[in-house]
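Asker: Structure: coords23.tsv, TSV, C-alpha atoms and all ligand atoms.
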chain	number	residue	atom	x	y	z
A	14	MET	CA	-37.19	47.07	-13.86
A	15	VAL	CA	-37.12	43.63	-15.56
A	16	PRO	CA	-38.16	43.89	-19.26
A	17	GLU	CA	-41.50	42.22	-20.11
A	18	PRO	CA	-41.52	39.10	-22.33
A	19	ARG	CA	-43.01	39.17	-25.82
A	20	SER	CA	-43.42	36.74	-28.74
A	21	LEU	CA	-40.69	36.77	-31.36
A	22	GLN	CA	-40.11	34.91	-34.61
A	23	LEU	CA	-36.38	34.21	-34.63
A	24	THR	CA	-34.18	32.65	-37.29
A	25	VAL	CA	-31.09	30.56	-36.66
A	26	GLY	CA	-27.88	32.36	-37.59
A	27	HIS	CA	-24.54	30.66	-37.17
A	28	VAL	CA	-23.89	27.61	-34.98
A	29	HIS	CA	-20.56	26.61	-33.48
A	30	ASP	CA	-19.26	24.41	-30.69
A	31	LEU	CA	-17.57	26.29	-27.84
A	32	THR	CA	-16.45	23.03	-26.22
A	33	PRO	CA	-17.11	19.36	-27.01
A	34	ARG	CA	-20.42	19.60	-25.12
A	35	MET	CA	-21.44	23.26	-25.34
A	36	ARG	CA	-22.98	24.50	-28.59
A	37	GLU	CA	-23.46	28.20	-29.21
A	38	ILE	CA	-26.46	29.04	-31.39
A	39	SER	CA	-26.88	32.62	-32.64
A	40	LEU	CA	-30.47	33.64	-33.28
A	41	VAL	CA	-31.39	36.53	-35.57
A	42	VAL	CA	-33.76	38.94	-33.80
A	43	PRO	CA	-36.20	41.00	-35.91
A	44	ALA	CA	-36.27	44.74	-35.02
A	45	PRO	CA	-33.34	44.29	-32.61
A	46	GLY	CA	-33.50	47.95	-31.55
A	47	GLN	CA	-36.77	47.15	-29.79
A	48	PHE	CA	-35.42	44.17	-27.85
A	49	ALA	CA	-34.32	44.74	-24.26
A	50	TYR	CA	-33.18	42.27	-21.60
A	51	LEU	CA	-31.09	42.11	-18.45
A	52	PRO	CA	-28.12	39.72	-18.06
A	53	GLY	CA	-29.43	36.58	-16.34
A	54	GLN	CA	-32.67	36.48	-18.35
A	55	ASP	CA	-33.48	33.74	-20.85
A	56	VAL	CA	-35.40	32.90	-23.99
A	57	SER	CA	-38.21	30.33	-24.09
A	58	LEU	CA	-38.20	28.41	-27.39
A	59	GLY	CA	-41.15	26.47	-28.82
A	60	PHE	CA	-40.66	22.88	-30.04
A	61	THR	CA	-42.82	19.93	-31.03
A	62	ALA	CA	-42.23	16.79	-28.95
A	63	LEU	CA	-42.10	13.34	-30.56
A	64	ASP	CA	-45.77	12.75	-29.63
A	65	GLY	CA	-46.76	15.93	-31.45
A	66	THR	CA	-47.40	18.10	-28.38
A	67	ALA	CA	-46.09	21.64	-28.21
A	68	VAL	CA	-43.43	22.13	-25.52
A	69	ARG	CA	-41.17	24.95	-24.49
A	70	ARG	CA	-37.53	24.87	-23.35
A	71	ARG	CA	-35.62	27.75	-21.78
A	72	TYR	CA	-32.05	28.85	-22.54
A	73	SER	CA	-30.20	31.74	-20.94
A	74	ILE	CA	-29.26	34.70	-23.08
A	75	ARG	CA	-25.48	34.49	-23.21
A	76	ARG	CA	-25.24	37.81	-25.04
A	77	PHE	CA	-27.27	40.08	-27.29
A	78	SER	CA	-25.99	42.61	-29.81
A	79	SER	CA	-28.52	45.14	-31.07
A	80	GLU	CA	-25.98	46.24	-33.74
A	81	ARG	CA	-25.65	42.72	-35.16
A	82	GLY	CA	-29.26	41.78	-34.33
A	83	LEU	CA	-28.04	38.52	-32.80
A	84	LEU	CA	-28.97	36.80	-29.55
A	85	ASP	CA	-26.64	33.95	-28.53
A	86	ILE	CA	-27.61	30.93	-26.45
A	87	ASP	CA	-25.24	28.20	-25.28
A	88	VAL	CA	-26.79	24.74	-25.14
A	89	VAL	CA	-25.35	21.83	-23.14
A	90	MET	CA	-25.36	18.82	-25.49
A	91	HIS	CA	-26.65	16.00	-23.30
A	92	GLY	CA	-28.81	13.06	-24.41
A	93	ASP	CA	-32.31	13.42	-25.70
A	94	GLY	CA	-35.34	15.70	-25.49
A	95	PRO	CA	-37.08	18.21	-27.80
A	96	GLY	CA	-34.52	20.94	-27.05
A	97	MET	CA	-31.63	18.54	-27.54
A	98	ARG	CA	-32.92	17.23	-30.87
A	99	TRP	CA	-33.30	20.81	-32.11
A	100	ALA	CA	-29.78	21.76	-31.00
A	101	GLN	CA	-28.33	18.64	-32.65
A	102	ASN	CA	-30.01	19.30	-35.99
A	103	VAL	CA	-30.13	23.08	-36.08
A	104	SER	CA	-28.88	24.90	-39.16
A	105	GLU	CA	-28.70	28.45	-40.49
A	106	GLY	CA	-31.99	29.89	-41.70
A	107	MET	CA	-34.30	27.66	-39.63
A	108	PRO	CA	-37.18	29.62	-38.03
A	109	ILE	CA	-37.85	29.23	-34.33
A	110	GLU	CA	-40.68	30.69	-32.25
A	111	ALA	CA	-39.64	32.35	-29.01
A	112	ILE	CA	-40.88	34.26	-25.98
A	113	ALA	CA	-38.29	36.61	-24.53
A	114	PRO	CA	-36.94	37.88	-22.32
A	115	ARG	CA	-38.05	35.47	-19.58
A	116	GLY	CA	-36.82	35.15	-16.01
A	117	LYS	CA	-36.51	37.41	-12.99
A	118	ILE	CA	-33.06	36.50	-11.67
A	119	THR	CA	-30.67	39.28	-12.63
A	120	LEU	CA	-27.84	41.04	-10.78
A	121	ALA	CA	-29.04	42.07	-7.33
A	122	GLU	CA	-28.71	45.78	-6.73
A	123	GLY	CA	-26.95	46.71	-3.52
A	124	ALA	CA	-24.80	43.58	-3.27
A	125	ALA	CA	-21.14	44.27	-2.53
A	126	TRP	CA	-20.01	41.23	-4.53
A	127	HIS	CA	-21.49	38.24	-6.37
A	128	LEU	CA	-21.11	34.44	-6.27
A	129	PHE	CA	-22.28	32.15	-9.09
A	130	ALA	CA	-22.39	28.35	-8.85
A	131	GLY	CA	-23.93	25.43	-10.67
A	132	ASP	CA	-23.45	22.90	-13.44
A	133	ALA	CA	-22.75	23.46	-17.15
A	134	THR	CA	-26.29	24.77	-17.76
A	135	ALA	CA	-25.60	27.56	-15.24
A	136	VAL	CA	-22.53	28.84	-17.07
A	137	PRO	CA	-24.23	30.93	-19.82
A	138	ALA	CA	-26.32	33.06	-17.41
A	139	ALA	CA	-23.49	33.24	-14.87
A	140	PHE	CA	-20.99	34.44	-17.48
A	141	ALA	CA	-23.50	36.97	-18.83
A	142	MET	CA	-24.01	38.34	-15.31
A	143	MET	CA	-20.31	38.20	-14.40
A	144	GLU	CA	-19.53	40.34	-17.45
A	145	ALA	CA	-22.12	42.86	-16.23
A	146	VAL	CA	-20.78	43.11	-12.65
A	147	PRO	CA	-19.43	46.66	-12.25
A	148	GLU	CA	-15.71	47.15	-12.69
A	149	GLY	CA	-13.75	46.57	-9.49
A	150	MET	CA	-16.53	44.62	-7.78
A	151	PRO	CA	-15.53	41.00	-7.01
A	152	ALA	CA	-17.37	38.10	-8.68
A	153	PHE	CA	-16.70	34.41	-8.05
A	154	GLY	CA	-17.78	31.49	-10.23
A	155	PHE	CA	-17.83	27.79	-9.23
A	156	PHE	CA	-18.88	25.39	-11.96
A	157	LEU	CA	-19.27	21.65	-12.26
A	158	VAL	CA	-18.61	20.43	-15.81
A	159	ASP	CA	-17.76	17.06	-17.37
A	160	ASP	CA	-14.00	17.53	-17.65
A	161	ALA	CA	-11.30	20.11	-18.28
A	162	ASN	CA	-12.28	20.37	-21.98
A	163	GLU	CA	-15.52	22.03	-20.86
A	164	ARG	CA	-13.82	25.04	-19.28
A	165	GLN	CA	-14.53	28.36	-20.95
A	166	LEU	CA	-12.71	31.65	-20.81
A	167	LEU	CA	-14.49	34.68	-19.41
A	168	GLU	CA	-13.43	38.00	-20.90
A	169	ALA	CA	-12.88	39.78	-17.60
A	170	ASN	CA	-11.32	42.98	-18.97
A	171	GLY	CA	-8.97	43.17	-16.00
A	172	ASN	CA	-11.85	42.95	-13.56
A	173	ARG	CA	-11.88	40.88	-10.38
A	174	ARG	CA	-13.37	37.62	-11.61
A	175	THR	CA	-12.32	34.32	-10.01
A	176	ILE	CA	-13.50	31.07	-11.55
A	177	GLN	CA	-13.01	27.55	-10.21
A	178	TRP	CA	-13.98	24.45	-12.17
A	179	ARG	CA	-14.73	21.00	-10.79
A	180	TYR	CA	-15.06	17.92	-12.96
A	181	GLN	CA	-17.91	15.44	-12.89
A	182	SER	CA	-15.66	12.78	-14.44
A	183	VAL	CA	-13.06	12.76	-11.65
A	184	GLU	CA	-14.99	13.54	-8.44
A	185	ALA	CA	-16.56	10.74	-6.40
A	186	ASP	CA	-19.18	13.22	-5.14
A	187	PRO	CA	-19.17	16.10	-7.64
A	188	GLY	CA	-21.76	18.20	-5.80
A	189	ALA	CA	-19.81	17.94	-2.53
A	190	ALA	CA	-16.62	18.85	-4.39
A	191	LEU	CA	-18.24	22.02	-5.74
A	192	ALA	CA	-19.62	22.93	-2.30
A	193	ALA	CA	-16.15	22.32	-0.82
A	194	ALA	CA	-14.60	24.63	-3.43
A	195	ILE	CA	-16.97	27.40	-2.31
A	196	GLY	CA	-16.33	26.64	1.38
A	197	GLY	CA	-12.57	26.67	0.85
A	198	THR	CA	-12.51	30.07	-0.83
A	199	SER	CA	-11.85	33.21	1.12
A	200	LEU	CA	-14.85	35.41	0.35
A	201	PRO	CA	-15.27	39.10	1.24
A	202	PRO	CA	-16.77	39.78	4.70
A	203	THR	CA	-19.29	42.23	3.22
A	204	ALA	CA	-22.79	41.21	2.05
A	205	GLY	CA	-22.65	39.29	-1.23
A	206	GLN	CA	-25.36	37.79	-3.39
A	207	ALA	CA	-25.34	34.15	-4.56
A	208	TYR	CA	-26.92	32.79	-7.76
A	209	LEU	CA	-27.29	29.01	-7.96
A	210	ALA	CA	-28.56	27.15	-11.03
A	211	GLY	CA	-28.51	23.71	-12.66
A	212	GLU	CA	-29.76	20.24	-11.78
A	213	VAL	CA	-32.25	20.34	-8.90
A	214	GLY	CA	-30.23	18.12	-6.54
A	215	LEU	CA	-27.07	20.15	-7.03
A	216	VAL	CA	-28.85	23.48	-6.55
A	217	SER	CA	-30.51	22.26	-3.35
A	218	ALA	CA	-27.20	20.93	-1.99
A	219	LEU	CA	-25.36	24.16	-2.81
A	220	LYS	CA	-28.08	26.23	-1.16
A	221	ALA	CA	-28.00	24.07	1.97
A	222	GLY	CA	-24.22	24.51	2.08
A	223	LEU	CA	-24.47	28.30	1.92
A	224	LEU	CA	-27.19	28.39	4.60
A	225	LEU	CA	-24.93	26.28	6.85
A	226	ARG	CA	-22.19	28.86	6.34
A	227	GLY	CA	-24.47	31.61	7.62
A	228	TRP	CA	-25.91	32.95	4.39
A	229	THR	CA	-29.51	34.15	4.69
A	230	GLY	CA	-32.14	33.03	2.17
A	231	ASP	CA	-32.72	36.54	0.85
A	232	ARG	CA	-29.12	36.64	-0.42
A	233	ILE	CA	-29.45	33.38	-2.38
A	234	ALA	CA	-31.22	33.23	-5.76
A	235	ALA	CA	-31.57	29.47	-6.42
A	236	LYS	CA	-33.19	28.13	-9.59
A	237	ALA	CA	-33.48	24.50	-10.69
A	238	TYR	CA	-33.02	24.25	-14.47
A	239	TRP	CA	-33.57	20.49	-14.96
A	240	ASN	CA	-34.27	17.21	-13.15
A	241	ARG	CA	-32.00	14.21	-13.64
A	242	GLY	CA	-33.84	11.38	-15.41
A	243	ARG	CA	-37.00	13.41	-15.92
A	244	ALA	CA	-37.93	15.66	-18.85
A	245	ASN	CA	-38.85	19.25	-18.07
A	246	ALA	CA	-42.55	20.12	-18.12
A	247	GLY	CA	-44.18	21.49	-21.26
A	248	HIS	CA	-43.66	25.09	-20.14
A	249	GLY	CA	-39.91	24.46	-19.83
A	250	GLU	CA	-39.51	24.33	-16.06
A	251	PRO	CA	-38.39	21.19	-14.20
A	252	GLU	CA	-41.27	19.50	-12.31
A	253	GLN	CA	-39.24	19.44	-9.10
A	254	LYS	CA	-38.05	22.75	-7.67
A	255	ALA	CA	-34.89	23.39	-5.63
A	256	SER	CA	-35.50	23.29	-1.87
B	1	LIG	C1	-34.43	29.63	-16.70
B	1	LIG	C2	-33.67	28.48	-17.35
B	1	LIG	C3	-32.49	28.76	-18.04
B	1	LIG	C4	-31.77	27.70	-18.65
B	1	LIG	N1	-30.61	27.98	-19.34
B	1	LIG	C5	-29.96	26.98	-19.99
B	1	LIG	C6	-28.81	27.27	-20.80
B	1	LIG	O1	-28.38	28.41	-20.95
B	1	LIG	N2	-28.20	26.23	-21.42
B	1	LIG	C7	-28.66	24.93	-21.29
B	1	LIG	O2	-28.05	24.00	-21.88
B	1	LIG	N3	-29.73	24.63	-20.52
B	1	LIG	C8	-30.39	25.64	-19.89
B	1	LIG	N4	-31.50	25.35	-19.14
B	1	LIG	C9	-31.85	23.93	-18.93
B	1	LIG	C10	-32.63	23.32	-20.08
B	1	LIG	O3	-33.80	24.08	-20.32
B	1	LIG	C11	-32.95	21.88	-19.64
B	1	LIG	O4	-31.76	21.12	-19.57
B	1	LIG	C12	-33.96	21.16	-20.49
B	1	LIG	O5	-34.32	19.97	-19.82
B	1	LIG	C13	-33.44	20.78	-21.85
B	1	LIG	O6	-34.53	20.28	-22.61
B	1	LIG	P1	-34.44	18.95	-23.49
B	1	LIG	O7	-35.67	18.99	-24.33
B	1	LIG	O8	-33.12	18.89	-24.15
B	1	LIG	O9	-34.52	17.76	-22.43
B	1	LIG	P2	-35.82	17.25	-21.59
B	1	LIG	O10	-36.87	16.78	-22.53
B	1	LIG	O11	-36.22	18.29	-20.60
B	1	LIG	O12	-35.17	16.02	-20.79
B	1	LIG	C14	-34.87	14.80	-21.45
B	1	LIG	C15	-33.84	14.04	-20.60
B	1	LIG	O13	-32.61	14.75	-20.61
B	1	LIG	C16	-32.14	14.98	-19.27
B	1	LIG	N5	-31.46	16.29	-19.26
B	1	LIG	C17	-32.01	17.50	-19.43
B	1	LIG	N6	-31.08	18.47	-19.39
B	1	LIG	C18	-29.89	17.83	-19.18
B	1	LIG	C19	-28.54	18.27	-19.04
B	1	LIG	N7	-28.22	19.58	-19.12
B	1	LIG	N8	-27.58	17.34	-18.83
B	1	LIG	C20	-27.89	16.01	-18.76
B	1	LIG	N9	-29.15	15.53	-18.89
B	1	LIG	C21	-30.14	16.44	-19.10
B	1	LIG	C22	-33.40	14.94	-18.41
B	1	LIG	O14	-33.09	14.55	-17.09
B	1	LIG	C23	-34.25	13.90	-19.13
B	1	LIG	O15	-33.89	12.59	-18.71
B	1	LIG	C24	-32.24	26.36	-18.54
B	1	LIG	C25	-33.44	26.11	-17.84
B	1	LIG	C26	-34.15	27.14	-17.26
B	1	LIG	C27	-35.44	26.84	-16.52
Take the structure in the file and give it back as structure tokens.
Answerer:
Amino acid sequence: MVPEPRSLQLTVGHVHDLTPRMREISLVVPAPGQFAYLPGQDVSLGFTALDGTAVRRRYSIRRFSSERGLLDIDVVMHGDGPGMRWAQNVSEGMPIEAIAPRGKITLAEGAAWHLFAGDATAVPAAFAMMEAVPEGMPAFGFFLVDDANERQLLEANGNRRTIQWRYQSVEADPGAALAAAIGGTSLPPTAGQAYLAGEVGLVSALKAGLLLRGWTGDRIAAKAYWNRGRANAGHGEPEQKAS
């Protein structure tokens, strides 16, 4: 059962850059013993846009420690927007209003193995879920990031985790390069589950690629996280959904 969302008053803990373009922000959770979530879920944060309107932006829960009372999110540092301005200027002790946990895409029960693909915004949820895949069960990750400096290490604890990175800066058609990486990988013949996330065009292209390879729609969880050149709506979702 997916835990229900509730309102939380969080406080910023420590902030550090994982890569040149990925900032990890730890948020202090009040009464952490009462907070429950499933890997793959996210937190919806409340911001004020430049015109004074209240908007929300969603960030995947990279990890949560009830002992430390800390919930970590990893934010892709891109250009502008209410979420971006907050992440650029965030500092320890700042309060932030949240609704969490949000989201229904979590590890599918019954799948024999798991495939994760998307852009840099997909990495936090994918890594959280890959860490939760049972020991011995294969999990594959295919991620499109700016360049090799954006790669991150997944603590696999000896488990069967295979990650391939493709770089936006060197590929003529980055989305096609990521789809080709998936197509060129020898995947188990048993029934797997795919999780696709990121920019709407990329997610739609990756889904189309999997369908062409014989995947059925019920084995693909596809979620658009953002639209290129267009701000997300006030509730945090991109206006355009993945097809
Ligand atoms: C369920 C869910 C989980 C998500 N998890 C994460 C996460 O863990 N980490 C994370 O970084 N993002 C995550 N996102 C995506 C994030 O919410 C969006 O990128 C959001 O648009 C950022 O808000 P903003 O205020 O910075 O920019 P907006 O005001 O929405 O957009 C301003 C401009 O920035 C552009 N833009 C937005 N995002 C990006 C980007 N990543 N790269 C380049 N240009 C961009 C837009 O096209 C627009 O032109 C998630 C989204 C959803 C729905």
Asker: Which of these residues is nearest to ligand LIG 1 (chain B), using all atoms listed in the file: A:Ala244, A:Leu225, A:Ala113, A:Ile195?
Answerer: A:Ala244
Asker: Residues within 6 Å of ligand LIG 1 (chain B) (all atoms listed in the file), as a PyMOL selection string?
Answerer: chain A and resi 55+70-73+87-89+91-97+134+137+238-245+250
Asker: Neighbours of Gly149 of chain A within 10 Å (all atoms listed in the file; same-chain residues fewer than 6 positions away dropped), as number ranges by chain?
Answerer: A: 126, 171-174
Asker: Choose the residue, out of A:Gly131, A:Pro52, A:Gly82, A:Pro43, that has the smallest atom-to-atom separation from Pro114 of chain A; count all atoms listed in the file.
Answerer: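 Comparing A:Gly131, A:Pro52, A:Gly82, A:Pro43 against Pro114 of chain A, the winner is A:Pro52.
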Asker: Looking at all atoms listed in the file, which of A:Ala44, A:Leu219, A:Leu224, A:Ile112 is the one that sits closest to Lys236 of chain A?
Answerer: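 For Lys236 of chain A, the nearest of the candidates is A:Leu219.
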Asker: Would you please work out which residue, of A:Lys220, A:His127, A:Arg226, A:Lys254, is nearest to Thr203 of chain A when using only C-alpha atoms?
Answerer: A:His127
Asker: To one decimal place, how far is atom CA of Pro251 of chain A from atom CA of Gly205 of chain A in Å?
Answerer: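 A separation of 27.3 Å between them.
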Asker: What is the distance between atom CA of Gly227 of chain A and atom CA of Phe153 of chain A, in Å to one decimal?
Answerer: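 Calculated distance between atom CA of Gly227 of chain A and atom CA of Phe153 of chain A is 17.7 Å.
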Asker: One decimal, Å: what's the distance from atom CA of Tyr208 of chain A over to atom CA of Asp159 of chain A, could you say?
Answerer: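 Between atom CA of Tyr208 of chain A and atom CA of Asp159 of chain A the gap works out to 20.6 Å.
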Asker: Point out the residue among A:Gly116, A:Gly197, A:Gly65, A:Gly154 with the least atom-to-atom distance to Trp178 of chain A, counting only C-alpha atoms.
Answerer: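 Residue with the minimum atom-to-atom distance to Trp178 of chain A: A:Gly154.
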Asker: Smallest atom-to-atom distance to Val216 of chain A: which of A:Gly188, A:Gly46, A:Gly230, A:Pro147, using only C-alpha atoms?
Answerer: A:Gly188
Asker: Residues near Ile233 of chain A, anyone? I mean within 12 Å using all atoms listed in the file, not counting same-chain ones fewer than 6 positions away, as a ChimeraX atom specification.
Answerer: /A:118-121,124,127-130,204-210,216-217,219-224,227,255-256
Asker: Output C-alpha atoms for every residue in the selection just made, as a PDB file, in the frame of the given file.
Answerer:
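This is the output file result.pdb:
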ATOM      1  CA  ILE A 118     -33.060  36.500 -11.670  1.00  0.00           C
ATOM      2  CA  THR A 119     -30.670  39.280 -12.630  1.00  0.00           C
ATOM      3  CA  LEU A 120     -27.840  41.040 -10.780  1.00  0.00           C
ATOM      4  CA  ALA A 121     -29.040  42.070  -7.330  1.00  0.00           C
ATOM      5  CA  ALA A 124     -24.800  43.580  -3.270  1.00  0.00           C
ATOM      6  CA  HIS A 127     -21.490  38.240  -6.370  1.00  0.00           C
ATOM      7  CA  LEU A 128     -21.110  34.440  -6.270  1.00  0.00           C
ATOM      8  CA  PHE A 129     -22.280  32.150  -9.090  1.00  0.00           C
ATOM      9  CA  ALA A 130     -22.390  28.350  -8.850  1.00  0.00           C
ATOM     10  CA  ALA A 204     -22.790  41.210   2.050  1.00  0.00           C
ATOM     11  CA  GLY A 205     -22.650  39.290  -1.230  1.00  0.00           C
ATOM     12  CA  GLN A 206     -25.360  37.790  -3.390  1.00  0.00           C
ATOM     13  CA  ALA A 207     -25.340  34.150  -4.560  1.00  0.00           C
ATOM     14  CA  TYR A 208     -26.920  32.790  -7.760  1.00  0.00           C
ATOM     15  CA  LEU A 209     -27.290  29.010  -7.960  1.00  0.00           C
ATOM     16  CA  ALA A 210     -28.560  27.150 -11.030  1.00  0.00           C
ATOM     17  CA  VAL A 216     -28.850  23.480  -6.550  1.00  0.00           C
ATOM     18  CA  SER A 217     -30.510  22.260  -3.350  1.00  0.00           C
ATOM     19  CA  LEU A 219     -25.360  24.160  -2.810  1.00  0.00           C
ATOM     20  CA  LYS A 220     -28.080  26.230  -1.160  1.00  0.00           C
ATOM     21  CA  ALA A 221     -28.000  24.070   1.970  1.00  0.00           C
ATOM     22  CA  GLY A 222     -24.220  24.510   2.080  1.00  0.00           C
ATOM     23  CA  LEU A 223     -24.470  28.300   1.920  1.00  0.00           C
ATOM     24  CA  LEU A 224     -27.190  28.390   4.600  1.00  0.00           C
ATOM     25  CA  GLY A 227     -24.470  31.610   7.620  1.00  0.00           C
ATOM     26  CA  ALA A 255     -34.890  23.390  -5.630  1.00  0.00           C
ATOM     27  CA  SER A 256     -35.500  23.290  -1.870  1.00  0.00           C
TER      28      SER A 256
END
Asker: So that I can check the surroundings of Leu31 of chain A, please list as a ChimeraX atom specification every protein, DNA and RNA residue that reaches within 9 Å of it, counting only C-alpha atoms and ignoring chain neighbours fewer than 2 positions away.
Answerer: /A:29,33-37,87,163,165
Asker: Find the residues around Glu144 of chain A up to 10 Å (all atoms listed in the file counted), leave out those fewer than 6 positions away in its own chain, and share them as a list in words.
Answerer: Pro52, Arg76, Ala138, Ala152, Leu167, Glu168, Ala169, Asn170, Asn172 and Arg174 of chain A
